[in-house]
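Peer 1: Quick one, data29.csv (CSV, C-alpha atoms (C1' of nucleotides)):
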```csv
chain,number,residue,atom,x,y,z
A,1164,MET,CA,110.8,146.6,144.0
A,1165,ASN,CA,109.5,148.7,146.8
A,1166,GLY,CA,110.7,151.9,148.5
A,1167,GLN,CA,112.7,150.3,151.3
A,1168,PHE,CA,116.1,151.4,150.0
A,1169,GLN,CA,115.0,155.0,149.7
A,1170,ILE,CA,113.5,155.0,153.2
A,1171,ALA,CA,116.7,153.4,154.5
A,1172,ILE,CA,118.9,156.0,152.9
A,1173,HIS,CA,116.7,158.8,154.1
A,1174,ILE,CA,117.0,157.6,157.7
A,1175,LEU,CA,120.7,157.1,157.5
A,1176,THR,CA,121.2,160.5,156.0
A,1177,LEU,CA,119.3,162.2,158.7
A,1178,LEU,CA,121.3,160.3,161.3
A,1179,GLU,CA,124.5,161.3,159.6
A,1180,GLN,CA,123.6,164.9,159.7
A,1181,ALA,CA,122.5,164.7,163.3
A,1182,ASN,CA,126.1,164.0,164.1
A,1183,GLY,CA,125.7,161.6,167.0
A,1184,GLU,CA,122.6,163.3,168.5
A,1185,LEU,CA,119.8,160.8,168.9
A,1186,LEU,CA,116.8,161.2,166.7
A,1187,SER,CA,113.4,159.8,167.6
A,1188,SER,CA,111.3,157.7,165.2
A,1189,GLU,CA,108.7,160.4,165.3
A,1190,TYR,CA,111.1,163.0,164.1
A,1191,ILE,CA,112.4,160.8,161.4
A,1192,ALA,CA,108.9,159.9,160.3
A,1193,GLY,CA,108.1,163.6,160.1
A,1194,SER,CA,110.9,164.1,157.6
A,1195,ILE,CA,110.1,161.1,155.5
A,1196,ASN,CA,106.4,161.6,155.9
A,1197,ILE,CA,105.5,158.1,156.9
A,1198,ASN,CA,104.3,156.4,160.1
A,1199,PRO,CA,106.7,156.2,163.0
A,1200,ALA,CA,106.0,152.5,163.5
A,1201,LEU,CA,107.3,151.9,159.9
A,1202,VAL,CA,110.4,153.8,160.7
A,1203,ARG,CA,111.0,151.6,163.7
A,1204,LYS,CA,110.4,148.5,161.7
A,1205,GLU,CA,112.8,149.6,159.0
A,1206,ILE,CA,115.4,150.5,161.7
A,1207,ARG,CA,115.1,147.2,163.3
A,1208,ASN,CA,116.4,145.6,160.2
A,1209,LEU,CA,119.2,148.1,159.7
A,1210,ARG,CA,120.2,147.7,163.2
A,1211,ASN,CA,120.5,143.9,162.6
A,1212,TYR,CA,123.2,144.8,160.1
A,1213,GLY,CA,125.0,147.1,162.5
A,1214,LEU,CA,124.2,150.2,160.5
A,1215,ILE,CA,122.2,151.9,163.3
A,1216,ASN,CA,122.3,152.0,167.1
A,1217,SER,CA,119.2,152.4,169.2
A,1218,LYS,CA,118.6,153.5,172.7
A,1219,GLU,CA,115.4,152.7,174.6
A,1220,GLY,CA,113.7,154.7,177.3
A,1221,LYS,CA,112.7,158.2,177.9
A,1222,THR,CA,115.6,159.9,176.2
A,1223,GLY,CA,116.0,157.2,173.6
A,1224,GLY,CA,116.4,157.4,169.9
A,1225,TYR,CA,118.7,156.4,167.1
A,1226,SER,CA,122.2,157.1,165.8
A,1227,LEU,CA,124.5,155.7,163.2
A,1228,GLY,CA,126.1,152.4,164.0
A,1229,LYS,CA,129.3,153.1,162.1
A,1230,ALA,CA,131.3,156.0,160.8
A,1231,PRO,CA,129.5,157.3,157.7
A,1232,ASP,CA,132.6,156.8,155.5
A,1233,ASN,CA,132.6,153.2,156.6
A,1234,ILE,CA,129.0,152.6,155.4
A,1235,ALA,CA,128.9,151.7,151.7
A,1236,LEU,CA,125.5,152.1,150.0
A,1237,ALA,CA,126.0,148.5,149.0
A,1238,ASP,CA,125.7,147.6,152.7
A,1239,VAL,CA,122.3,149.3,152.7
A,1240,TYR,CA,121.3,147.6,149.5
A,1241,LYS,CA,122.2,144.2,150.9
A,1242,ALA,CA,120.3,144.9,154.1
A,1243,VAL,CA,117.1,145.8,152.5
A,1244,LYS,CA,117.2,143.6,149.4
A,1245,SER,CA,114.5,141.0,149.3
A,1246,HIS,CA,114.3,140.3,145.6
A,1247,PRO,CA,116.8,140.4,142.7
A,1248,ALA,CA,116.8,143.7,141.0
A,1249,LEU,CA,115.7,142.1,137.8
A,1250,GLY,CA,112.5,140.9,139.5
A,1251,GLN,CA,111.3,137.4,140.1
A,1252,ALA,CA,108.6,135.7,138.2
A,1253,LYS,CA,106.3,133.4,140.2
A,1254,ASN,CA,105.3,131.1,137.4
A,1255,LEU,CA,106.4,127.5,137.4
A,1256,PRO,CA,107.7,126.8,133.9
A,1257,ASN,CA,106.5,123.6,132.3
A,1258,PRO,CA,109.0,120.8,133.0
A,1259,ALA,CA,107.8,119.0,129.9
A,1260,CYS,CA,109.3,121.8,127.8
A,1261,ALA,CA,113.0,121.7,127.1
A,1262,ILE,CA,113.3,125.4,127.6
A,1263,GLY,CA,110.9,125.6,130.5
A,1264,ARG,CA,112.8,122.9,132.3
A,1265,GLN,CA,116.0,124.8,132.4
A,1266,ILE,CA,115.2,128.4,132.2
A,1267,ASN,CA,115.0,129.3,135.8
A,1268,GLN,CA,118.5,128.2,136.4
A,1269,HIS,CA,119.8,130.5,133.7
A,1270,LEU,CA,117.5,133.4,134.7
A,1271,ASP,CA,118.7,133.0,138.3
A,1272,ALA,CA,122.3,133.1,137.2
A,1273,LEU,CA,121.6,136.3,135.2
A,1274,ALA,CA,119.8,137.9,138.1
A,1275,THR,CA,122.8,137.2,140.3
A,1276,GLU,CA,125.2,138.8,137.7
A,1277,VAL,CA,123.1,141.9,137.7
A,1278,ASP,CA,122.9,142.1,141.4
A,1279,THR,CA,126.6,141.7,141.6
A,1280,ALA,CA,127.0,144.6,139.2
A,1281,ILE,CA,124.7,146.8,141.3
A,1282,ILE,CA,126.7,146.0,144.4
A,1283,GLY,CA,129.9,146.8,142.6
A,1284,LYS,CA,128.5,150.2,141.8
A,1285,LEU,CA,127.2,150.9,145.3
A,1286,THR,CA,130.3,149.7,147.0
A,1287,LYS,CA,132.1,152.7,145.7
A,1288,ILE,CA,129.7,155.2,147.3
A,1289,THR,CA,129.6,155.7,151.0
A,1290,LEU,CA,127.0,157.3,153.2
A,1291,ALA,CA,129.5,160.1,153.8
A,1292,ASP,CA,129.6,160.7,150.0
A,1293,PHE,CA,125.9,160.8,149.7
A,1294,SER,CA,125.3,162.9,152.8
A,1295,GLN,CA,127.9,165.4,151.6
A,1296,LYS,CA,125.5,166.5,148.9
A,1297,PHE,CA,123.3,168.1,151.6
A,1298,LYS,CA,126.0,170.3,153.1
B,845,MET,CA,109.8,144.6,140.7
B,846,ASN,CA,107.7,142.0,138.9
B,847,GLY,CA,108.4,139.1,136.7
B,848,GLN,CA,108.0,140.8,133.3
B,849,PHE,CA,111.6,140.6,132.4
B,850,GLN,CA,111.7,136.9,133.0
B,851,ILE,CA,108.5,136.3,131.1
B,852,ALA,CA,109.9,138.4,128.2
B,853,ILE,CA,113.2,136.5,128.1
B,854,HIS,CA,111.3,133.2,128.2
B,855,ILE,CA,109.2,134.2,125.3
B,856,LEU,CA,112.2,135.4,123.3
B,857,THR,CA,114.2,132.3,124.0
B,858,LEU,CA,111.4,130.1,122.8
B,859,LEU,CA,111.1,132.2,119.6
B,860,GLU,CA,114.9,132.0,119.1
B,861,GLN,CA,114.8,128.2,119.4
B,862,ALA,CA,111.8,128.0,117.0
B,863,ASN,CA,114.1,129.4,114.3
B,864,GLY,CA,111.6,131.4,112.4
B,865,GLU,CA,108.7,129.0,112.8
B,866,LEU,CA,105.7,130.8,114.2
B,867,LEU,CA,104.6,130.0,117.8
B,868,SER,CA,101.1,130.6,119.1
B,869,SER,CA,100.4,132.4,122.3
B,870,GLU,CA,98.8,129.2,123.6
B,871,TYR,CA,102.0,127.2,123.0
B,872,ILE,CA,104.2,129.9,124.6
B,873,ALA,CA,101.8,130.1,127.6
B,874,GLY,CA,102.1,126.4,128.0
B,875,SER,CA,105.8,126.6,128.4
B,876,ILE,CA,105.8,129.5,130.7
B,877,ASN,CA,102.7,128.2,132.5
B,878,ILE,CA,100.7,131.4,132.5
B,879,ASN,CA,97.6,132.6,130.7
B,880,PRO,CA,97.7,133.1,126.9
B,881,ALA,CA,96.2,136.5,127.2
B,882,LEU,CA,99.1,137.6,129.3
B,883,VAL,CA,101.5,136.3,126.8
B,884,ARG,CA,99.8,138.4,124.1
B,885,LYS,CA,99.8,141.4,126.3
B,886,GLU,CA,103.5,141.1,127.0
B,887,ILE,CA,104.2,140.5,123.4
B,888,ARG,CA,102.3,143.6,122.4
B,889,ASN,CA,104.8,145.6,124.3
B,890,LEU,CA,107.8,143.7,123.0
B,891,ARG,CA,106.5,144.2,119.5
B,892,ASN,CA,106.3,147.9,120.0
B,893,TYR,CA,110.1,147.7,120.5
B,894,GLY,CA,110.6,145.8,117.4
B,895,LEU,CA,111.7,142.7,119.2
B,896,ILE,CA,108.9,140.5,118.0
B,897,ASN,CA,106.9,140.1,114.8
B,898,SER,CA,103.3,138.9,114.9
B,899,LYS,CA,101.0,137.5,112.3
B,900,GLU,CA,97.3,137.5,112.7
B,901,GLY,CA,94.7,135.0,111.3
B,902,LYS,CA,94.3,131.3,111.2
B,903,THR,CA,98.0,130.4,110.8
B,904,GLY,CA,99.2,133.3,112.8
B,905,GLY,CA,101.7,133.4,115.6
B,906,TYR,CA,104.9,135.1,116.7
B,907,SER,CA,108.6,135.2,115.6
B,908,LEU,CA,111.6,137.2,116.5
B,909,GLY,CA,111.7,140.8,115.2
B,910,LYS,CA,115.5,140.8,114.8
B,911,ALA,CA,118.4,138.5,114.6
B,912,PRO,CA,119.1,137.1,118.1
B,913,ASP,CA,122.7,138.3,118.0
B,914,ASN,CA,121.3,141.8,117.4
B,915,ILE,CA,119.0,141.7,120.5
B,916,ALA,CA,120.8,142.8,123.6
B,917,LEU,CA,119.2,141.8,126.9
B,918,ALA,CA,119.5,145.5,127.7
B,919,ASP,CA,116.9,146.1,124.9
B,920,VAL,CA,114.6,143.7,126.7
B,921,TYR,CA,115.3,145.4,130.0
B,922,LYS,CA,114.5,148.8,128.6
B,923,ALA,CA,111.3,147.5,127.0
B,924,VAL,CA,109.8,146.1,130.2
B,925,LYS,CA,111.2,148.5,132.7
B,926,SER,CA,108.7,150.5,134.6
B,927,HIS,CA,110.5,151.4,137.8
B,928,PRO,CA,114.1,152.0,138.6
B,929,ALA,CA,115.8,148.8,139.8
B,930,LEU,CA,116.5,150.4,143.2
B,931,GLY,CA,112.8,150.8,143.7
B,932,GLN,CA,110.8,153.9,144.1
B,933,ALA,CA,109.4,155.2,147.4
B,934,LYS,CA,105.9,156.7,147.3
B,935,ASN,CA,106.2,159.0,150.3
B,936,LEU,CA,106.4,162.7,149.8
B,937,PRO,CA,109.2,163.9,152.0
B,938,ASN,CA,108.6,166.9,154.2
B,939,PRO,CA,109.6,170.1,152.3
B,940,ALA,CA,110.1,171.9,155.7
B,941,CYS,CA,113.0,169.6,156.4
B,942,ALA,CA,116.4,170.5,154.9
B,943,ILE,CA,117.0,166.8,154.0
B,944,GLY,CA,113.5,166.0,153.0
B,945,ARG,CA,113.4,168.9,150.6
B,946,GLN,CA,116.4,167.7,148.6
B,947,ILE,CA,116.6,164.0,149.0
B,948,ASN,CA,114.4,162.9,146.1
B,949,GLN,CA,116.7,164.7,143.7
B,950,HIS,CA,119.7,162.9,145.0
B,951,LEU,CA,117.9,159.5,145.3
B,952,ASP,CA,116.8,159.8,141.7
B,953,ALA,CA,120.3,160.5,140.5
B,954,LEU,CA,121.5,157.5,142.3
B,955,ALA,CA,118.7,155.3,140.9
B,956,THR,CA,119.7,156.5,137.4
B,957,GLU,CA,123.4,155.6,138.0
B,958,VAL,CA,122.4,152.1,139.1
B,959,ASP,CA,120.1,151.6,136.1
B,960,THR,CA,122.9,152.7,133.8
B,961,ALA,CA,125.2,150.1,135.4
B,962,ILE,CA,122.6,147.4,134.8
B,963,ILE,CA,122.1,148.5,131.2
B,964,GLY,CA,125.9,148.4,130.8
B,965,LYS,CA,126.0,144.9,132.0
B,966,LEU,CA,123.0,143.7,129.9
B,967,THR,CA,124.3,145.4,126.8
B,968,LYS,CA,127.1,142.9,126.7
B,969,ILE,CA,124.8,139.9,126.6
B,970,THR,CA,122.7,139.1,123.5
B,971,LEU,CA,119.7,136.9,123.2
B,972,ALA,CA,121.9,134.6,121.1
B,973,ASP,CA,124.3,134.3,124.0
B,974,PHE,CA,121.5,133.4,126.4
B,975,SER,CA,119.7,131.1,124.1
B,976,GLN,CA,123.0,129.3,123.4
B,977,LYS,CA,122.8,127.9,126.9
B,978,PHE,CA,119.9,125.7,125.9
B,979,LYS,CA,121.6,124.0,123.0
C,1035,DC,C1',108.0,155.3,193.2
C,1036,DA,C1',105.3,157.1,189.6
C,1037,DA,C1',104.8,159.7,185.5
C,1038,DA,C1',106.6,160.6,181.0
C,1039,DA,C1',108.8,159.7,176.7
C,1040,DC,C1',110.6,156.8,174.2
C,1041,DT,C1',111.6,152.0,171.6
C,1042,DG,C1',110.1,147.1,170.2
C,1043,DT,C1',106.8,144.3,168.3
C,1044,DA,C1',102.6,142.3,166.8
C,1045,DA,C1',98.2,142.3,164.8
C,1046,DC,C1',95.3,144.1,161.7
C,1047,DA,C1',93.3,147.1,157.9
C,1048,DA,C1',93.7,149.6,153.7
C,1049,DA,C1',95.6,150.5,149.4
C,1050,DT,C1',98.1,149.4,145.5
C,1051,DT,C1',100.0,146.4,142.3
C,1052,DT,C1',100.3,142.2,139.8
C,1053,DA,C1',98.4,138.3,137.7
C,1054,DA,C1',94.5,135.7,136.0
C,1055,DT,C1',90.3,135.2,133.7
C,1056,DT,C1',86.8,135.9,130.5
C,1057,DA,C1',85.0,137.6,126.4
C,1058,DC,C1',84.7,138.9,122.0
C,1059,DA,C1',85.9,141.7,117.8
C,1060,DA,C1',89.2,141.5,113.9
C,1061,DT,C1',92.0,139.0,110.7
C,1062,DA,C1',93.6,135.5,107.7
C,1063,DT,C1',93.5,130.8,105.9
C,1064,DA,C1',91.6,126.8,104.0
D,303,DT,C1',81.9,130.1,105.4
D,304,DA,C1',84.0,127.7,109.2
D,305,DT,C1',88.1,127.8,111.8
D,306,DA,C1',92.1,129.2,114.3
D,307,DT,C1',94.5,132.7,115.6
D,308,DT,C1',95.8,137.6,117.3
D,309,DG,C1',94.4,142.1,119.6
D,310,DT,C1',92.2,144.3,123.2
D,311,DA,C1',89.4,145.6,127.0
D,312,DA,C1',87.0,144.7,131.2
D,313,DT,C1',86.7,142.4,135.2
D,314,DT,C1',88.1,139.6,139.1
D,315,DA,C1',91.2,137.5,142.2
D,316,DA,C1',95.5,137.2,144.6
D,317,DA,C1',99.5,139.0,146.5
D,318,DT,C1',102.3,142.6,148.2
D,319,DT,C1',103.1,146.8,150.3
D,320,DT,C1',102.0,150.4,153.2
D,321,DG,C1',99.6,152.4,157.0
D,322,DT,C1',97.4,152.1,161.5
D,323,DT,C1',96.6,151.0,166.1
D,324,DA,C1',97.8,149.2,170.4
D,325,DC,C1',100.4,148.1,174.0
D,326,DA,C1',104.3,146.0,176.6
D,327,DG,C1',109.1,147.0,177.9
D,328,DT,C1',112.7,150.4,179.0
D,329,DT,C1',115.0,154.4,180.8
D,330,DT,C1',115.0,158.9,182.7
D,331,DT,C1',113.3,162.4,185.7
D,332,DG,C1',110.8,164.7,189.3
```
Using structure tokens, write down the structure that the file contains.
Peer 2:
Amino acid sequence: MNGQFQIAIHILTLLEQANGELLSSEYIAGSININPALVRKEIRNLRNYGLINSKEGKTGGYSLGKAPDNIALADVYKAVKSHPALGQAKNLPNPACAIGRQINQHLDALATEVDTAIIGKLTKITLADFSQKFK
Amino acid sequence: MNGQFQIAIHILTLLEQANGELLSSEYIAGSININPALVRKEIRNLRNYGLINSKEGKTGGYSLGKAPDNIALADVYKAVKSHPALGQAKNLPNPACAIGRQINQHLDALATEVDTAIIGKLTKITLADFSQKFK
DNA sequence: CAAAACTGTAACAAATTTAATTACAATATA
DNA sequence: TATATTGTAATTAAATTTGTTACAGTTTTG
């Protein structure tokens, strides 16, 4: 997997600590130490999930889209998730093989079970919980 | 993440079904539809964990290293795991920022919790269970 | 109204990671 | 001794991820 989840949590934690004050993509990028355009790109996605509000224009910036105790880390996980946590092979198993023919179906089911377990775990932790650690 | 876990499970399932008969890397590669050298590379790793036995020479090949009901999918996961399931960002957060300074420690702890949950889940499933689905 | 400071978005480039390929030495069998 | 296989390394190719640049659109402020 990639670092999207970590970036997302970093952004959300900064916004939580800002307590409603708007933060710019440049400020956020400075804390994470990545490019401001990447921050905006990541935020675009999180905003689509209602996790972040944005304001355009001269005094624009970002703030949390919901109360931090109403944002489960599972919401963040779902928002950034592109592949199953177990990974995803890109081979095309041999359909002439009895195992190859069926294995993807069983591997996919397994991957779903694992993702469900992760979501179960992350549902119990809110952004407020996580952010609390910095206070 | 990548497809190592799926490849490993595919290999182990084939070996389980072979019931002790040795399979060659070429045969295995044909079922997975990847290169035999990749199969051997993946097997080298699994062998280091005792999950597979190999025999060199003309009539060589591979077989399971343990009874299939004694191989938990968690063992496979641990063998192939290179990154935490949540991913791993490669930025270096700004140490001059109160959040940036501490966040990796908290993110790492979270990643460990999630990996532990995954292992908990996969500990309950054996290769025998998985392979059973093909019978 | 015009300048300034932002976000929003796209296009492109660079870096990293993953997978594939090739080659050949080492080993065991027949 | 020929053959079929594993073991391993080196290299190449492909895919993915990350970084960069650019600029249009929006809102505020003088």
Peer 1: With distances taken over all atoms listed in the file, which residue among A:Arg1210, A:Glu1205, A:Ala1237, A:Ala1261 lies nearest A:Ala1280?
Peer 2: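 The shortest atom-to-atom distance to A:Ala1280 comes from A:Ala1237.
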Peer 1: Restrict the distance test to only C-alpha atoms (C1' of nucleotides), flag each residue of chain A within 6 Å of chain C, and return the flagged residues as a PyMOL selection string.
Peer 2: chain A and resi 1219-1221+1223
Peer 1: One decimal, Å: what's the distance from atom CA of A:Ala1274 over to atom CA of B:Pro912, could you say?
Peer 2: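 So the two atoms, atom CA of A:Ala1274 and atom CA of B:Pro912, lie 20.0 Å apart.
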Peer 1: Here's a check: after a least-squares fit over all in-order C-alpha atoms, write chain A in the frame of chain B, as a tab-separated table (two decimals) with C-alpha atoms, in the frame of the given file.
Peer 2:
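Everything below was put into result_12.tsv:
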```tsv
chain	number	residue	atom	x	y	z
A	1164	MET	CA	109.96	144.57	140.67
A	1165	ASN	CA	107.75	142.06	139.00
A	1166	GLY	CA	108.38	139.07	136.71
A	1167	GLN	CA	108.02	140.86	133.38
A	1168	PHE	CA	111.69	140.57	132.41
A	1169	GLN	CA	111.73	136.85	133.05
A	1170	ILE	CA	108.53	136.31	131.06
A	1171	ALA	CA	109.98	138.44	128.26
A	1172	ILE	CA	113.18	136.46	128.13
A	1173	HIS	CA	111.32	133.20	128.24
A	1174	ILE	CA	109.24	134.19	125.21
A	1175	LEU	CA	112.17	135.45	123.27
A	1176	THR	CA	114.14	132.34	123.98
A	1177	LEU	CA	111.43	130.11	122.77
A	1178	LEU	CA	111.12	132.20	119.62
A	1179	GLU	CA	114.84	131.99	119.09
A	1180	GLN	CA	114.81	128.29	119.30
A	1181	ALA	CA	111.82	128.02	117.01
A	1182	ASN	CA	114.06	129.39	114.33
A	1183	GLY	CA	111.58	131.45	112.36
A	1184	GLU	CA	108.62	129.06	112.81
A	1185	LEU	CA	105.66	130.90	114.26
A	1186	LEU	CA	104.63	130.03	117.76
A	1187	SER	CA	101.14	130.64	119.08
A	1188	SER	CA	100.43	132.42	122.38
A	1189	GLU	CA	98.87	129.24	123.62
A	1190	TYR	CA	101.99	127.28	123.04
A	1191	ILE	CA	104.13	129.87	124.64
A	1192	ALA	CA	101.81	130.10	127.61
A	1193	GLY	CA	102.05	126.34	127.99
A	1194	SER	CA	105.81	126.60	128.38
A	1195	ILE	CA	105.77	129.50	130.75
A	1196	ASN	CA	102.71	128.22	132.52
A	1197	ILE	CA	100.71	131.39	132.46
A	1198	ASN	CA	97.56	132.59	130.65
A	1199	PRO	CA	97.75	133.08	126.92
A	1200	ALA	CA	96.14	136.52	127.16
A	1201	LEU	CA	99.12	137.61	129.38
A	1202	VAL	CA	101.51	136.34	126.82
A	1203	ARG	CA	99.80	138.41	124.18
A	1204	LYS	CA	99.84	141.45	126.35
A	1205	GLU	CA	103.52	141.05	127.10
A	1206	ILE	CA	104.20	140.53	123.34
A	1207	ARG	CA	102.36	143.58	122.43
A	1208	ASN	CA	104.85	145.62	124.31
A	1209	LEU	CA	107.87	143.78	122.94
A	1210	ARG	CA	106.56	144.15	119.54
A	1211	ASN	CA	106.36	147.96	120.10
A	1212	TYR	CA	110.12	147.80	120.52
A	1213	GLY	CA	110.63	145.77	117.38
A	1214	LEU	CA	111.79	142.71	119.27
A	1215	ILE	CA	108.95	140.45	118.03
A	1216	ASN	CA	106.86	140.12	114.87
A	1217	SER	CA	103.28	138.95	114.92
A	1218	LYS	CA	101.01	137.52	112.34
A	1219	GLU	CA	97.22	137.52	112.69
A	1220	GLY	CA	94.73	135.04	111.34
A	1221	LYS	CA	94.32	131.37	111.19
A	1222	THR	CA	97.94	130.42	110.80
A	1223	GLY	CA	99.20	133.31	112.86
A	1224	GLY	CA	101.69	133.45	115.63
A	1225	TYR	CA	104.92	135.08	116.65
A	1226	SER	CA	108.58	135.21	115.65
A	1227	LEU	CA	111.61	137.22	116.53
A	1228	GLY	CA	111.73	140.72	115.17
A	1229	LYS	CA	115.50	140.82	114.83
A	1230	ALA	CA	118.43	138.49	114.55
A	1231	PRO	CA	119.06	137.05	118.02
A	1232	ASP	CA	122.68	138.33	118.06
A	1233	ASN	CA	121.30	141.77	117.40
A	1234	ILE	CA	119.02	141.69	120.49
A	1235	ALA	CA	120.89	142.80	123.63
A	1236	LEU	CA	119.26	141.82	126.94
A	1237	ALA	CA	119.49	145.51	127.71
A	1238	ASP	CA	116.94	146.08	124.92
A	1239	VAL	CA	114.60	143.72	126.77
A	1240	TYR	CA	115.30	145.38	130.07
A	1241	LYS	CA	114.51	148.80	128.63
A	1242	ALA	CA	111.30	147.51	127.07
A	1243	VAL	CA	109.88	146.08	130.16
A	1244	LYS	CA	111.29	148.45	132.78
A	1245	SER	CA	108.68	150.44	134.58
A	1246	HIS	CA	110.51	151.33	137.76
A	1247	PRO	CA	114.18	151.94	138.67
A	1248	ALA	CA	115.84	148.83	139.84
A	1249	LEU	CA	116.48	150.38	143.19
A	1250	GLY	CA	112.73	150.78	143.73
A	1251	GLN	CA	110.71	153.91	144.16
A	1252	ALA	CA	109.32	155.14	147.38
A	1253	LYS	CA	105.87	156.78	147.22
A	1254	ASN	CA	106.22	159.01	150.23
A	1255	LEU	CA	106.35	162.75	149.83
A	1256	PRO	CA	109.25	163.94	151.98
A	1257	ASN	CA	108.57	166.92	154.19
A	1258	PRO	CA	109.56	170.12	152.36
A	1259	ALA	CA	110.03	171.84	155.70
A	1260	CYS	CA	113.00	169.55	156.36
A	1261	ALA	CA	116.31	170.46	154.80
A	1262	ILE	CA	117.02	166.87	153.98
A	1263	GLY	CA	113.50	165.99	152.99
A	1264	ARG	CA	113.41	168.90	150.60
A	1265	GLN	CA	116.27	167.70	148.55
A	1266	ILE	CA	116.49	164.03	148.94
A	1267	ASN	CA	114.45	162.87	146.06
A	1268	GLN	CA	116.64	164.62	143.63
A	1269	HIS	CA	119.70	162.83	144.93
A	1270	LEU	CA	117.90	159.45	145.25
A	1271	ASP	CA	116.69	159.85	141.65
A	1272	ALA	CA	120.20	160.57	140.46
A	1273	LEU	CA	121.45	157.43	142.29
A	1274	ALA	CA	118.69	155.31	140.86
A	1275	THR	CA	119.65	156.46	137.38
A	1276	GLU	CA	123.38	155.57	138.01
A	1277	VAL	CA	122.35	152.11	139.02
A	1278	ASP	CA	120.10	151.62	136.10
A	1279	THR	CA	122.83	152.76	133.84
A	1280	ALA	CA	125.13	150.17	135.37
A	1281	ILE	CA	122.55	147.41	134.84
A	1282	ILE	CA	122.18	148.40	131.21
A	1283	GLY	CA	125.92	148.40	130.78
A	1284	LYS	CA	125.97	144.84	132.02
A	1285	LEU	CA	123.07	143.66	129.87
A	1286	THR	CA	124.29	145.35	126.78
A	1287	LYS	CA	127.08	142.88	126.60
A	1288	ILE	CA	124.78	139.84	126.52
A	1289	THR	CA	122.67	139.08	123.53
A	1290	LEU	CA	119.68	136.84	123.13
A	1291	ALA	CA	121.88	134.58	121.02
A	1292	ASP	CA	124.28	134.27	124.01
A	1293	PHE	CA	121.54	133.43	126.38
A	1294	SER	CA	119.72	131.05	124.07
A	1295	GLN	CA	122.98	129.22	123.38
A	1296	LYS	CA	122.86	127.84	126.89
A	1297	PHE	CA	119.90	125.64	125.85
A	1298	LYS	CA	121.62	123.95	122.93
```
Peer 1: Just need the residues of chain B within 9 Å of chain A, counting only C-alpha atoms, so spit them out as a PyMOL selection string.
Peer 2: chain B and resi 845-851+853-854+857-858+861+874-878+921+927-948+950-951+957-959+961-962+965-966+974+977-978
Peer 1: Counting all atoms listed in the file, write as a PyMOL selection string all protein and nucleic acid residues lying at most 12 Å from (117.9, 143.0, 117.9) in the file's frame.
Peer 2: chain B and resi 856+860+890-891+893-897+908-920+967+969-972
